[in-house]
>>> print(open('data_39.tsv').read())   # TSV, C-alpha atoms and all ligand atoms
chain	number	residue	atom	x	y	z
A	1	MET	CA	-23.12	7.37	127.00
A	2	SER	CA	-21.60	8.52	123.76
A	3	GLY	CA	-19.48	7.22	120.91
A	4	ILE	CA	-19.79	4.09	118.89
A	5	VAL	CA	-18.93	0.56	119.97
A	6	TYR	CA	-16.76	-0.85	117.20
A	7	LEU	CA	-16.84	-4.65	117.23
A	8	ASP	CA	-15.84	-5.34	113.63
A	9	ASN	CA	-12.09	-5.54	114.16
A	10	SER	CA	-11.63	-8.72	112.14
A	11	SER	CA	-12.80	-6.72	109.11
A	12	THR	CA	-10.41	-3.91	109.89
A	13	THR	CA	-9.06	-1.97	112.85
A	14	ARG	CA	-8.77	1.68	113.81
A	15	PRO	CA	-5.15	2.73	113.13
A	16	PHE	CA	-2.96	3.60	116.11
A	17	PRO	CA	-2.62	7.45	116.36
A	18	GLU	CA	1.16	6.90	116.01
A	19	VAL	CA	0.51	5.10	112.70
A	20	VAL	CA	-1.62	7.98	111.43
A	21	ALA	CA	1.19	10.41	112.34
A	22	THR	CA	3.82	8.22	110.64
A	23	VAL	CA	1.77	7.90	107.43
A	24	ALA	CA	1.11	11.66	107.34
A	25	GLU	CA	4.78	12.44	107.92
A	26	ALA	CA	5.81	9.99	105.19
A	27	LEU	CA	3.46	11.68	102.74
A	28	GLN	CA	4.57	15.18	103.71
A	29	SER	CA	8.33	14.82	103.97
A	30	GLY	CA	9.32	11.20	103.37
A	31	TYR	CA	8.27	11.31	99.73
A	32	GLY	CA	11.60	10.32	98.22
A	33	ASN	CA	11.67	7.26	95.99
A	34	PRO	CA	13.57	4.54	97.87
A	35	SER	CA	15.28	3.55	94.59
A	36	SER	CA	16.71	7.06	94.08
A	37	LEU	CA	20.44	7.43	94.69
A	38	HIS	CA	20.19	10.79	96.42
A	39	ARG	CA	19.80	11.49	100.13
A	40	LEU	CA	15.96	11.66	100.10
A	41	GLY	CA	15.77	8.22	98.53
A	42	GLU	CA	18.40	6.73	100.80
A	43	GLU	CA	16.68	8.00	103.94
A	44	VAL	CA	13.37	6.44	102.93
A	45	SER	CA	15.12	3.23	101.97
A	46	LYS	CA	16.65	2.98	105.45
A	47	ARG	CA	13.28	3.53	107.08
A	48	ILE	CA	11.76	0.76	104.96
A	49	GLU	CA	14.49	-1.58	106.19
A	50	SER	CA	13.69	-0.67	109.76
A	51	ALA	CA	9.98	-1.44	109.14
A	52	ARG	CA	11.00	-4.77	107.60
A	53	LYS	CA	12.98	-5.58	110.75
A	54	ASN	CA	9.91	-4.96	112.91
A	55	VAL	CA	7.69	-7.22	110.78
A	56	ALA	CA	10.40	-9.89	110.82
A	57	SER	CA	10.73	-9.71	114.62
A	58	LEU	CA	7.03	-10.41	115.09
A	59	LEU	CA	7.41	-13.48	112.86
A	60	GLY	CA	10.65	-14.83	114.32
A	61	ALA	CA	12.18	-14.35	110.84
A	62	ALA	CA	15.22	-12.63	109.37
A	63	PRO	CA	14.49	-9.24	107.70
A	64	GLU	CA	15.69	-10.54	104.31
A	65	GLU	CA	12.93	-13.16	104.47
A	66	VAL	CA	10.18	-10.48	104.55
A	67	PHE	CA	8.76	-8.95	101.34
A	68	PHE	CA	6.23	-6.12	101.38
A	69	THR	CA	3.01	-6.54	99.40
A	70	SER	CA	-0.30	-4.73	99.04
A	71	GLY	CA	-1.88	-6.82	101.82
A	72	GLY	CA	-3.00	-10.27	102.85
A	73	THR	CA	-4.82	-10.94	99.58
A	74	GLU	CA	-1.71	-10.33	97.48
A	75	SER	CA	0.48	-12.30	99.88
A	76	ASN	CA	-1.86	-15.30	99.62
A	77	ASN	CA	-2.10	-15.01	95.82
A	78	TRP	CA	1.67	-14.77	95.58
A	79	ALA	CA	2.37	-17.74	97.87
A	80	LEU	CA	0.04	-19.97	95.82
A	81	PHE	CA	0.73	-18.74	92.26
A	82	GLY	CA	4.44	-18.29	93.02
A	83	THR	CA	4.82	-21.86	94.25
A	84	TYR	CA	2.69	-23.43	91.52
A	85	ARG	CA	4.60	-21.61	88.78
A	86	PHE	CA	7.97	-22.43	90.34
A	87	PHE	CA	7.24	-26.14	89.91
A	88	GLY	CA	6.12	-25.50	86.31
A	89	GLY	CA	3.42	-28.18	86.36
A	90	LYS	CA	5.72	-30.92	87.72
A	91	ARG	CA	4.07	-30.86	91.14
A	92	PRO	CA	0.50	-29.74	90.46
A	93	HIS	CA	-1.12	-30.85	93.74
A	94	ILE	CA	-2.09	-28.36	96.48
A	95	ILE	CA	-3.81	-29.14	99.78
A	96	THR	CA	-5.90	-26.63	101.71
A	97	THR	CA	-8.87	-26.51	104.09
A	98	ALA	CA	-12.57	-25.75	103.65
A	99	VAL	CA	-12.41	-22.67	105.91
A	100	GLU	CA	-9.68	-20.63	104.19
A	101	HIS	CA	-10.19	-16.99	103.28
A	102	PRO	CA	-11.47	-16.33	99.71
A	103	SER	CA	-8.02	-14.97	98.83
A	104	VAL	CA	-6.80	-18.57	99.14
A	105	LEU	CA	-9.85	-20.49	97.90
A	106	GLU	CA	-10.52	-18.23	94.90
A	107	THR	CA	-6.84	-18.25	93.95
A	108	LEU	CA	-6.95	-22.04	94.01
A	109	SER	CA	-10.03	-22.00	91.74
A	110	ALA	CA	-8.00	-19.87	89.31
A	111	LEU	CA	-5.04	-22.26	89.60
A	112	LYS	CA	-7.29	-25.22	88.88
A	113	ARG	CA	-8.06	-23.59	85.54
A	114	GLU	CA	-4.27	-23.54	84.95
A	115	GLY	CA	-4.06	-27.27	85.68
A	116	ALA	CA	-3.60	-27.51	89.46
A	117	HIS	CA	-5.13	-30.41	91.40
A	118	VAL	CA	-6.60	-29.15	94.63
A	119	THR	CA	-7.63	-31.13	97.72
A	120	VAL	CA	-9.85	-29.25	100.15
A	121	VAL	CA	-9.76	-30.91	103.57
A	122	LYS	CA	-12.89	-30.76	105.73
A	123	VAL	CA	-12.97	-29.35	109.25
A	124	ASP	CA	-14.78	-30.56	112.37
A	125	ARG	CA	-17.77	-28.81	114.00
A	126	SER	CA	-15.49	-26.30	115.72
A	127	GLY	CA	-13.56	-25.54	112.54
A	128	PHE	CA	-10.42	-27.57	113.29
A	129	VAL	CA	-8.55	-29.36	110.55
A	130	SER	CA	-6.88	-32.67	111.46
A	131	PRO	CA	-3.09	-32.79	110.90
A	132	GLU	CA	-3.38	-36.56	110.35
A	133	GLU	CA	-5.97	-36.01	107.62
A	134	ILE	CA	-3.68	-33.54	105.90
A	135	LYS	CA	-0.86	-36.07	106.13
A	136	GLY	CA	-3.10	-38.68	104.49
A	137	HIS	CA	-3.60	-36.44	101.44
A	138	ILE	CA	0.09	-35.63	100.82
A	139	ARG	CA	1.37	-37.21	97.59
A	140	ASP	CA	4.66	-37.21	95.70
A	141	ASP	CA	3.39	-34.41	93.48
A	142	THR	CA	2.10	-32.21	96.33
A	143	ALA	CA	3.73	-28.80	95.94
A	144	LEU	CA	2.07	-26.97	98.80
A	145	VAL	CA	-0.04	-27.29	101.91
A	146	SER	CA	-1.87	-24.04	102.76
A	147	VAL	CA	-3.59	-23.73	106.16
A	148	MET	CA	-4.66	-20.58	107.99
A	149	TYR	CA	-3.53	-19.76	111.54
A	150	VAL	CA	-6.69	-18.10	112.92
A	151	GLN	CA	-10.01	-18.52	111.14
A	152	ASN	CA	-11.30	-15.00	110.47
A	153	GLU	CA	-15.01	-15.71	111.02
A	154	ILE	CA	-15.02	-18.06	114.01
A	155	GLY	CA	-11.59	-17.64	115.64
A	156	THR	CA	-10.48	-21.28	115.51
A	157	VAL	CA	-6.69	-21.49	115.97
A	158	GLU	CA	-5.54	-24.26	113.65
A	159	PRO	CA	-2.85	-26.79	114.72
A	160	ILE	CA	-0.12	-25.12	112.64
A	161	LYS	CA	2.84	-26.43	114.62
A	162	GLU	CA	1.60	-30.02	114.37
A	163	ILE	CA	0.96	-29.72	110.60
A	164	GLY	CA	4.41	-28.15	110.11
A	165	ALA	CA	6.04	-30.98	112.06
A	166	ILE	CA	4.30	-33.63	109.94
A	167	ILE	CA	5.44	-31.94	106.73
A	168	ALA	CA	9.01	-31.45	108.00
A	169	GLU	CA	9.28	-35.19	108.72
A	170	LEU	CA	8.86	-35.91	105.00
A	171	GLY	CA	12.40	-34.77	104.23
A	172	PRO	CA	13.84	-32.74	101.35
A	173	ARG	CA	11.09	-33.55	98.82
A	174	ARG	CA	8.43	-32.44	101.25
A	175	PRO	CA	5.69	-30.06	100.09
A	176	ARG	CA	6.00	-26.43	101.05
A	177	PHE	CA	3.95	-25.12	103.94
A	178	HIS	CA	2.07	-21.83	103.61
A	179	VAL	CA	0.23	-20.21	106.54
A	180	ASP	CA	-2.26	-17.37	106.13
A	181	ALA	CA	-1.52	-15.70	109.47
A	182	VAL	CA	-3.46	-12.49	108.77
A	183	GLN	CA	-5.86	-12.92	111.71
A	184	GLY	CA	-3.28	-14.01	114.28
A	185	PHE	CA	-0.25	-11.87	113.40
A	186	ALA	CA	1.05	-9.63	116.20
A	187	ARG	CA	-1.77	-10.60	118.58
A	188	LEU	CA	-0.90	-14.28	119.04
A	189	PRO	CA	2.62	-15.74	119.10
A	190	ILE	CA	4.20	-16.69	115.78
A	191	ASP	CA	7.53	-18.40	115.30
A	192	VAL	CA	7.96	-19.33	111.66
A	193	LYS	CA	10.90	-21.60	112.49
A	194	GLU	CA	8.95	-23.50	115.14
A	195	TRP	CA	6.08	-23.81	112.65
A	196	ASN	CA	8.43	-25.16	109.93
A	197	ALA	CA	6.64	-22.69	107.67
A	198	ASP	CA	8.01	-21.76	104.23
A	199	LEU	CA	5.57	-18.96	103.42
A	200	VAL	CA	3.50	-16.81	105.79
A	201	SER	CA	1.03	-14.05	104.85
A	202	VAL	CA	0.33	-11.03	107.06
A	203	SER	CA	-1.55	-7.75	106.70
A	204	ALA	CA	-1.20	-4.35	108.39
A	205	HIS	CA	-4.81	-3.16	108.68
A	206	LYS	CA	-5.80	-5.96	111.05
A	207	ILE	CA	-3.24	-4.76	113.62
A	208	HIS	CA	-4.05	-1.02	113.68
A	209	GLY	CA	-1.81	-0.32	110.69
A	210	PRO	CA	-2.78	1.21	107.32
A	211	LYS	CA	-4.83	-0.55	104.65
A	212	GLY	CA	-3.26	-1.77	101.41
A	213	VAL	CA	-0.01	-3.06	102.86
A	214	GLY	CA	1.10	-6.45	104.08
A	215	ALA	CA	3.97	-8.87	103.73
A	216	LEU	CA	4.91	-12.37	102.70
A	217	TYR	CA	7.54	-14.29	104.65
A	218	VAL	CA	9.55	-16.48	102.29
A	219	ARG	CA	11.90	-18.81	104.12
A	220	LYS	CA	15.54	-18.44	103.08
A	221	GLY	CA	16.30	-21.02	100.38
A	222	VAL	CA	12.67	-21.33	99.23
A	223	GLU	CA	12.24	-20.21	95.63
A	224	ILE	CA	8.97	-18.85	94.33
A	225	ARG	CA	8.13	-16.94	91.16
A	226	PRO	CA	7.22	-13.27	91.53
A	227	LEU	CA	3.61	-12.32	90.96
A	228	ILE	CA	4.42	-8.76	89.86
A	229	TYR	CA	7.28	-8.01	87.44
A	230	GLY	CA	8.86	-4.66	86.69
A	231	GLY	CA	11.61	-2.48	88.12
A	232	GLY	CA	13.01	-5.13	90.45
A	233	GLN	CA	12.06	-3.63	93.83
A	234	GLU	CA	12.01	-5.90	96.91
A	235	GLY	CA	15.07	-7.75	95.65
A	236	GLY	CA	13.34	-8.47	92.33
A	237	MET	CA	10.64	-10.43	94.13
A	238	ARG	CA	7.90	-7.78	94.07
A	239	SER	CA	8.24	-4.93	91.63
A	240	GLY	CA	6.58	-1.54	91.81
A	241	THR	CA	7.57	1.65	93.63
A	242	GLU	CA	7.10	0.89	97.30
A	243	ASN	CA	4.01	2.04	99.20
A	244	VAL	CA	6.25	4.07	101.50
A	245	PRO	CA	3.57	5.61	103.79
A	246	GLY	CA	1.91	2.20	104.11
A	247	ILE	CA	5.13	0.32	104.81
A	248	LEU	CA	6.33	2.88	107.38
A	249	GLY	CA	2.88	2.86	109.03
A	250	PHE	CA	2.99	-0.95	109.11
A	251	GLY	CA	6.45	-0.78	110.70
A	252	LYS	CA	5.16	1.63	113.35
A	253	ALA	CA	2.20	-0.64	114.18
A	254	CYS	CA	4.60	-3.60	114.56
A	255	GLU	CA	6.85	-1.48	116.79
A	256	ILE	CA	3.93	-0.91	119.18
A	257	TRP	CA	3.03	-4.61	119.26
A	258	LEU	CA	6.69	-5.46	119.83
A	259	SER	CA	6.91	-3.07	122.76
A	260	ASP	CA	4.08	-5.01	124.50
A	261	ARG	CA	6.34	-8.03	124.50
A	262	THR	CA	8.95	-6.33	126.62
A	263	THR	CA	6.40	-4.93	129.08
A	264	THR	CA	4.93	-6.74	132.06
A	265	GLY	CA	1.47	-6.48	133.64
A	266	PRO	CA	-1.88	-5.66	132.03
A	267	GLU	CA	-0.28	-3.78	129.12
A	268	SER	CA	1.96	-6.73	128.18
A	269	ALA	CA	1.13	-9.00	125.22
A	270	ASN	CA	-0.10	-11.72	127.61
A	271	GLY	CA	-1.99	-9.24	129.79
A	272	LEU	CA	-3.76	-7.89	126.73
A	273	MET	CA	-4.89	-11.30	125.50
A	274	GLU	CA	-6.00	-12.33	129.02
A	275	ARG	CA	-8.12	-9.20	129.21
A	276	LEU	CA	-9.68	-9.94	125.80
A	277	LEU	CA	-10.34	-13.53	126.86
A	278	LYS	CA	-12.34	-12.24	129.84
A	279	LEU	CA	-14.28	-9.88	127.55
A	280	ARG	CA	-14.96	-12.79	125.20
A	281	ARG	CA	-16.35	-14.84	128.08
A	282	LYS	CA	-18.48	-11.93	129.23
A	283	LEU	CA	-19.88	-11.46	125.72
A	284	ILE	CA	-20.63	-15.19	125.27
A	285	ASP	CA	-22.37	-15.40	128.67
A	286	GLY	CA	-24.26	-12.18	128.00
A	287	VAL	CA	-25.55	-13.37	124.61
A	288	ARG	CA	-26.68	-16.69	126.09
A	289	ARG	CA	-28.43	-14.97	128.99
A	290	ILE	CA	-30.57	-12.84	126.67
A	291	PHE	CA	-30.99	-15.45	123.91
A	292	PRO	CA	-30.53	-19.01	125.17
A	293	ASP	CA	-31.11	-20.46	121.65
A	294	ALA	CA	-28.02	-18.68	120.27
A	295	ILE	CA	-25.46	-21.06	118.76
A	296	LEU	CA	-21.77	-20.28	119.18
A	297	HIS	CA	-19.77	-21.02	116.02
A	298	GLY	CA	-16.22	-22.22	116.63
A	299	PRO	CA	-14.62	-23.39	119.85
A	300	GLU	CA	-16.07	-22.30	123.19
A	301	ASP	CA	-12.56	-22.02	124.67
A	302	GLY	CA	-9.08	-23.52	124.28
A	303	ASN	CA	-7.57	-22.99	120.85
A	304	VAL	CA	-9.56	-19.95	119.87
A	305	ALA	CA	-8.64	-16.30	119.24
A	306	PRO	CA	-9.63	-14.27	122.32
A	307	TYR	CA	-11.02	-11.51	120.12
A	308	ILE	CA	-13.60	-13.30	117.93
A	309	VAL	CA	-17.15	-14.33	118.93
A	310	HIS	CA	-19.60	-15.55	116.29
A	311	PHE	CA	-23.18	-16.55	117.10
A	312	ALA	CA	-26.19	-17.74	115.12
A	313	PHE	CA	-29.53	-16.32	116.28
A	314	PRO	CA	-31.98	-18.87	114.84
A	315	GLY	CA	-35.18	-17.32	113.54
A	316	PHE	CA	-33.59	-13.90	112.88
A	317	ARG	CA	-31.67	-12.58	109.90
A	318	GLY	CA	-28.09	-11.61	110.67
A	319	GLU	CA	-28.39	-8.56	108.44
A	320	THR	CA	-31.46	-7.32	110.31
A	321	ILE	CA	-29.71	-7.72	113.67
A	322	LEU	CA	-26.66	-5.93	112.27
A	323	HIS	CA	-28.72	-2.88	111.30
A	324	ALA	CA	-30.70	-2.91	114.56
A	325	LEU	CA	-27.37	-2.91	116.43
A	326	GLU	CA	-26.01	-0.18	114.17
A	327	ALA	CA	-29.03	1.99	115.06
A	328	ARG	CA	-27.89	1.56	118.68
A	329	GLY	CA	-24.29	2.54	117.91
A	330	VAL	CA	-22.84	-0.99	117.86
A	331	PHE	CA	-20.94	-2.07	114.74
A	332	VAL	CA	-20.58	-5.77	113.96
A	333	SER	CA	-20.57	-7.94	110.85
A	334	THR	CA	-22.36	-10.88	109.31
A	335	GLY	CA	-19.95	-13.58	108.20
A	336	SER	CA	-16.76	-12.32	106.61
A	337	ALA	CA	-16.55	-8.71	105.45
A	338	CYS	CA	-15.87	-9.67	101.86
A	339	SER	CA	-19.15	-11.55	101.57
A	340	SER	CA	-21.22	-9.20	103.74
A	341	HIS	CA	-22.77	-7.46	100.76
A	342	HIS	CA	-24.21	-10.69	99.39
A	343	PRO	CA	-27.00	-12.40	101.30
A	344	LYS	CA	-25.25	-15.73	100.70
A	345	PRO	CA	-24.65	-18.06	103.63
A	346	SER	CA	-21.03	-18.07	104.71
A	347	PRO	CA	-19.22	-21.13	103.30
A	348	VAL	CA	-17.22	-21.23	106.55
A	349	ILE	CA	-20.33	-21.62	108.70
A	350	LEU	CA	-21.71	-24.22	106.26
A	351	ALA	CA	-18.39	-26.10	106.50
A	352	LEU	CA	-19.04	-26.49	110.23
A	353	GLY	CA	-22.17	-28.50	109.34
A	354	ARG	CA	-24.58	-25.69	110.12
A	355	SER	CA	-27.73	-25.15	108.04
A	356	GLU	CA	-28.16	-22.28	105.56
A	357	ALA	CA	-30.76	-20.68	107.83
A	358	GLU	CA	-28.34	-20.82	110.76
A	359	ALA	CA	-25.56	-19.36	108.64
A	360	LEU	CA	-27.81	-16.50	107.51
A	361	SER	CA	-28.76	-15.73	111.12
A	362	SER	CA	-25.17	-15.23	112.23
A	363	ILE	CA	-23.40	-12.21	113.67
A	364	ARG	CA	-19.66	-11.83	114.30
A	365	PHE	CA	-18.43	-9.62	117.12
A	366	SER	CA	-14.69	-8.98	116.87
A	367	MET	CA	-12.72	-7.06	119.46
A	368	SER	CA	-9.39	-5.26	119.49
A	369	ARG	CA	-6.94	-4.02	122.10
A	370	PHE	CA	-9.05	-0.84	122.27
A	371	THR	CA	-12.25	-2.72	123.26
A	372	THR	CA	-13.33	-1.95	126.84
A	373	ASP	CA	-15.41	-3.75	129.45
A	374	GLU	CA	-17.97	-0.96	129.26
A	375	GLU	CA	-18.27	-1.40	125.49
A	376	ILE	CA	-19.08	-5.09	125.92
A	377	ASP	CA	-21.78	-4.14	128.46
A	378	ARG	CA	-23.18	-1.66	125.94
A	379	ALA	CA	-23.12	-4.26	123.15
A	380	ILE	CA	-25.02	-6.79	125.28
A	381	GLU	CA	-27.59	-4.17	126.28
A	382	ALA	CA	-28.00	-3.10	122.63
A	383	LEU	CA	-28.42	-6.72	121.54
A	384	GLU	CA	-31.09	-7.34	124.16
A	385	ASP	CA	-32.97	-4.23	123.04
A	386	ALA	CA	-32.56	-5.06	119.33
A	387	LEU	CA	-33.79	-8.65	119.71
A	388	ARG	CA	-36.77	-7.47	121.77
A	389	GLU	CA	-37.69	-5.09	118.96
A	390	LEU	CA	-37.26	-7.76	116.28
A	391	LEU	CA	-39.03	-10.53	118.21
A	392	PRO	CA	-42.45	-10.11	116.48
A	393	TRP	CA	-40.71	-10.95	113.15
A	394	ARG	CA	-38.86	-13.98	114.42
A	395	GLN	CA	-39.36	-16.96	112.11
A	396	PRO	CA	-39.85	-20.41	113.58
A	397	ALA	CA	-36.26	-21.69	113.59
A	398	GLU	CA	-35.72	-24.71	111.37
A	399	ARG	CA	-34.17	-27.57	113.24
A	400	GLY	CA	-30.47	-27.06	112.74
A	401	ARG	CA	-28.03	-29.90	112.31
A	402	ARG	CA	-26.43	-29.55	115.71
B	501	LIG	C1	-7.66	-14.76	107.08
B	501	LIG	C2	-7.51	-13.63	106.12
B	501	LIG	N1	-6.66	-13.74	105.09
B	501	LIG	C3	-6.49	-12.77	104.20
B	501	LIG	C4	-7.20	-11.59	104.29
B	501	LIG	C5	-6.99	-10.52	103.26
B	501	LIG	O1	-6.19	-9.48	103.78
B	501	LIG	P1	-6.22	-8.02	103.10
B	501	LIG	O2	-7.51	-7.39	103.52
B	501	LIG	O3	-5.02	-7.34	103.67
B	501	LIG	O4	-6.12	-8.20	101.64
B	501	LIG	C6	-8.12	-11.42	105.34
B	501	LIG	C7	-8.93	-10.18	105.44
B	501	LIG	O5	-10.06	-10.20	105.89
B	501	LIG	C8	-8.28	-12.47	106.27
B	501	LIG	O6	-9.12	-12.37	107.29
>>> encode(input="data_39.tsv", output="structure tokens")
Amino acid sequence: MSGIVYLDNSSTTRPFPEVVATVAEALQSGYGNPSSLHRLGEEVSKRIESARKNVASLLGAAPEEVFFTSGGTESNNWALFGTYRFFGGKRPHIITTAVEHPSVLETLSALKREGAHVTVVKVDRSGFVSPEEIKGHIRDDTALVSVMYVQNEIGTVEPIKEIGAIIAELGPRRPRFHVDAVQGFARLPIDVKEWNADLVSVSAHKIHGPKGVGALYVRKGVEIRPLIYGGGQEGGMRSGTENVPGILGFGKACEIWLSDRTTTGPESANGLMERLLKLRRKLIDGVRRIFPDAILHGPEDGNVAPYIVHFAFPGFRGETILHALEARGVFVSTGSACSSHHPKPSPVILALGRSEAEALSSIRFSMSRFTTDEEIDRAIEALEDALRELLPWRQPAERGRR
């Protein structure tokens, strides 16, 4: 058997070959500045609009509601800063959840220093936030409710439609609703209208597109302040010469995901997710067979992303397992990628009520449309072998708060 088994797709994905070709072509010949008045600029500008249309289609939005950014982090920063600054201190209250990505939680820490009041709503043991609890925190001065679609570490799919419906019921003075949809975009259905969402963040590199490009959906009629000022690109909402290769690559990735939706059978969008769901089940059963003490973080089934599996291996260190798996050609992660370099327990796992030791013993396996049945078999085999090797160093597991 050869080749690596890449199971770190929630950190980033391998670009589609068509995306690589599009990016290369854009660098080689599509180098005109979209703002230029000559033919080279105009051609590129048209291609950007076609990419925008593809992103919009996957969101159920109109193209003029989609603004390109440098990725999910910028989109989240912009949604939060842009809303807070629009209200100019008159509506300083923002509600979010304990399991958001650092690009939301750290932005809110920065906003607190500017005077924002932030309510962080707890989640249950599977990572779900309660729409009723969110409702209970909404006040007259609440500017924004920010909740993620798919939790990046544990795969929990949050009740976005229900939260959107509760907010919509509050009428014209309702808070805005922002959804960080980075980990669900393209793979799971999104309809921004059905969600009653005002702002939605997405990123290209999680869907086999290039890194450093993403978008923010801003519902027509919703005003936010720009985050980046300058030459007035993106309708004055996001200045800076466009990342043309990135945007065109993003558009190409979206085109491929869109084509699944018009196909039937195993290659269709539903067929793909059903296949991943079976692989997820196989992986969960395989882990439990070789290590019955393993603790699954997040929901076992139901409202969970079919491509994320996160386990604690009490008594082991996640980092040690990661490297033992790497030595066997299997690539995974501990907690979220951004915090992987620090041996700090993941705040998301702690928010589920797990102990620090359990959080530090955790490994995330994340699949993509390229993941095969054989790769899952290889990952289970490698895990069995790795744990057998590490067994002499296993620490007595502290009693976790189950
Ligand atoms: C849920 C979520 N939001 C935002 C981001 C940030 O996206 P980007 O890497 O494009 O900045 C990530 C990336 O891991 C994520 O998982």
>>> closest_residue(input="data_39.tsv", among="A:Lys90, A:Ile256, A:Pro102, A:Arg317", to="A:Ala269", atoms="only C-alpha atoms")
A:Ile256
>>> residues_around(input="data_39.tsv", residues="stretch 13-17 of chain A", least_positions_apart="5", cutoff="10 Å", atoms="all atoms listed in the file", output="number ranges by chain")
A: 6-8, 22-23, 204-211, 249-250, 252-253, 256, 366-370
>>> write_last_selection(input="data_39.tsv", atoms="C-alpha atoms", output="mmCIF file, in the coordinates of the input")
data_model
loop_
_atom_site.group_PDB
_atom_site.id
_atom_site.type_symbol
_atom_site.label_atom_id
_atom_site.label_comp_id
_atom_site.auth_asym_id
_atom_site.auth_seq_id
_atom_site.Cartn_x
_atom_site.Cartn_y
_atom_site.Cartn_z
ATOM 1 C CA TYR A 6 -16.760 -0.850 117.200
ATOM 2 C CA LEU A 7 -16.840 -4.650 117.230
ATOM 3 C CA ASP A 8 -15.840 -5.340 113.630
ATOM 4 C CA THR A 22 3.820 8.220 110.640
ATOM 5 C CA VAL A 23 1.770 7.900 107.430
ATOM 6 C CA ALA A 204 -1.200 -4.350 108.390
ATOM 7 C CA HIS A 205 -4.810 -3.160 108.680
ATOM 8 C CA LYS A 206 -5.800 -5.960 111.050
ATOM 9 C CA ILE A 207 -3.240 -4.760 113.620
ATOM 10 C CA HIS A 208 -4.050 -1.020 113.680
ATOM 11 C CA GLY A 209 -1.810 -0.320 110.690
ATOM 12 C CA PRO A 210 -2.780 1.210 107.320
ATOM 13 C CA LYS A 211 -4.830 -0.550 104.650
ATOM 14 C CA GLY A 249 2.880 2.860 109.030
ATOM 15 C CA PHE A 250 2.990 -0.950 109.110
ATOM 16 C CA LYS A 252 5.160 1.630 113.350
ATOM 17 C CA ALA A 253 2.200 -0.640 114.180
ATOM 18 C CA ILE A 256 3.930 -0.910 119.180
ATOM 19 C CA SER A 366 -14.690 -8.980 116.870
ATOM 20 C CA MET A 367 -12.720 -7.060 119.460
ATOM 21 C CA SER A 368 -9.390 -5.260 119.490
ATOM 22 C CA ARG A 369 -6.940 -4.020 122.100
ATOM 23 C CA PHE A 370 -9.050 -0.840 122.270
#
>>> closest_residue(input="data_39.tsv", among="A:Glu64, A:Asp180, A:Glu25, A:Glu162", to="ligand LIG 501 (chain B)", atoms="only C-alpha atoms and all ligand atoms")
A:Asp180
>>> atom_distance(input="data_39.tsv", atom1="atom CA of A:Leu258", atom2="atom CA of A:Ser50")
13.2 Å
>>> residues_around(input="data_39.tsv", residues="A:Gly164", least_positions_apart="4", cutoff="9 Å", atoms="only C-alpha atoms", output="PDB file with C-alpha atoms, in the frame of the given file")
ATOM      1  CA  PRO A 131      -3.090 -32.790 110.900  1.00  0.00           C
ATOM      2  CA  PRO A 159      -2.850 -26.790 114.720  1.00  0.00           C
ATOM      3  CA  ILE A 160      -0.120 -25.120 112.640  1.00  0.00           C
ATOM      4  CA  ALA A 168       9.010 -31.450 108.000  1.00  0.00           C
ATOM      5  CA  GLU A 169       9.280 -35.190 108.720  1.00  0.00           C
ATOM      6  CA  PHE A 177       3.950 -25.120 103.940  1.00  0.00           C
ATOM      7  CA  GLU A 194       8.950 -23.500 115.140  1.00  0.00           C
ATOM      8  CA  TRP A 195       6.080 -23.810 112.650  1.00  0.00           C
ATOM      9  CA  ASN A 196       8.430 -25.160 109.930  1.00  0.00           C
ATOM     10  CA  ALA A 197       6.640 -22.690 107.670  1.00  0.00           C
TER      11      ALA A 197
END
>>> residues_near_ligand(input="data_39.tsv", ligand="ligand LIG 501 (chain B)", cutoff="10 Å", atoms="all atoms listed in the file", output="PyMOL selection string")
chain A and resi 9-12+69-77+99-104+147-153+155+179-184+201-206+210-215+336-338
>>> closest_residue(input="data_39.tsv", among="A:Arg85, A:His178, A:His323, A:Arg52", to="A:Thr97", atoms="all atoms listed in the file")
A:His178
>>> closest_residue(input="data_39.tsv", among="A:Ile308, A:Ala324, A:Ile363, A:Ile290", to="A:Glu381", atoms="all atoms listed in the file")
A:Ile290
>>> atom_distance(input="data_39.tsv", atom1="atom CA of A:Ala327", atom2="atom CA of A:Arg354")
28.5 Å
>>> atom_distance(input="data_39.tsv", atom1="atom CA of A:Ala98", atom2="atom CA of A:Ala116")
16.9 Å
>>> closest_residue(input="data_39.tsv", among="A:Gly265, A:Ser346, A:Gly60, A:Val309", to="A:Gly286", atoms="all atoms listed in the file")
A:Val309
>>> residues_around(input="data_39.tsv", residues="stretch 40-42 of chain A", least_positions_apart="2", cutoff="12 Å", atoms="all atoms listed in the file", output="list in words")
Ala26, Ser29, Gly30, Tyr31, Gly32, Asn33, Pro34, Ser35, Ser36, Leu37, His38, Val44, Ser45, Lys46, Arg47, Ile48, Glu49, Thr241, Glu242 and Val244 of chain A
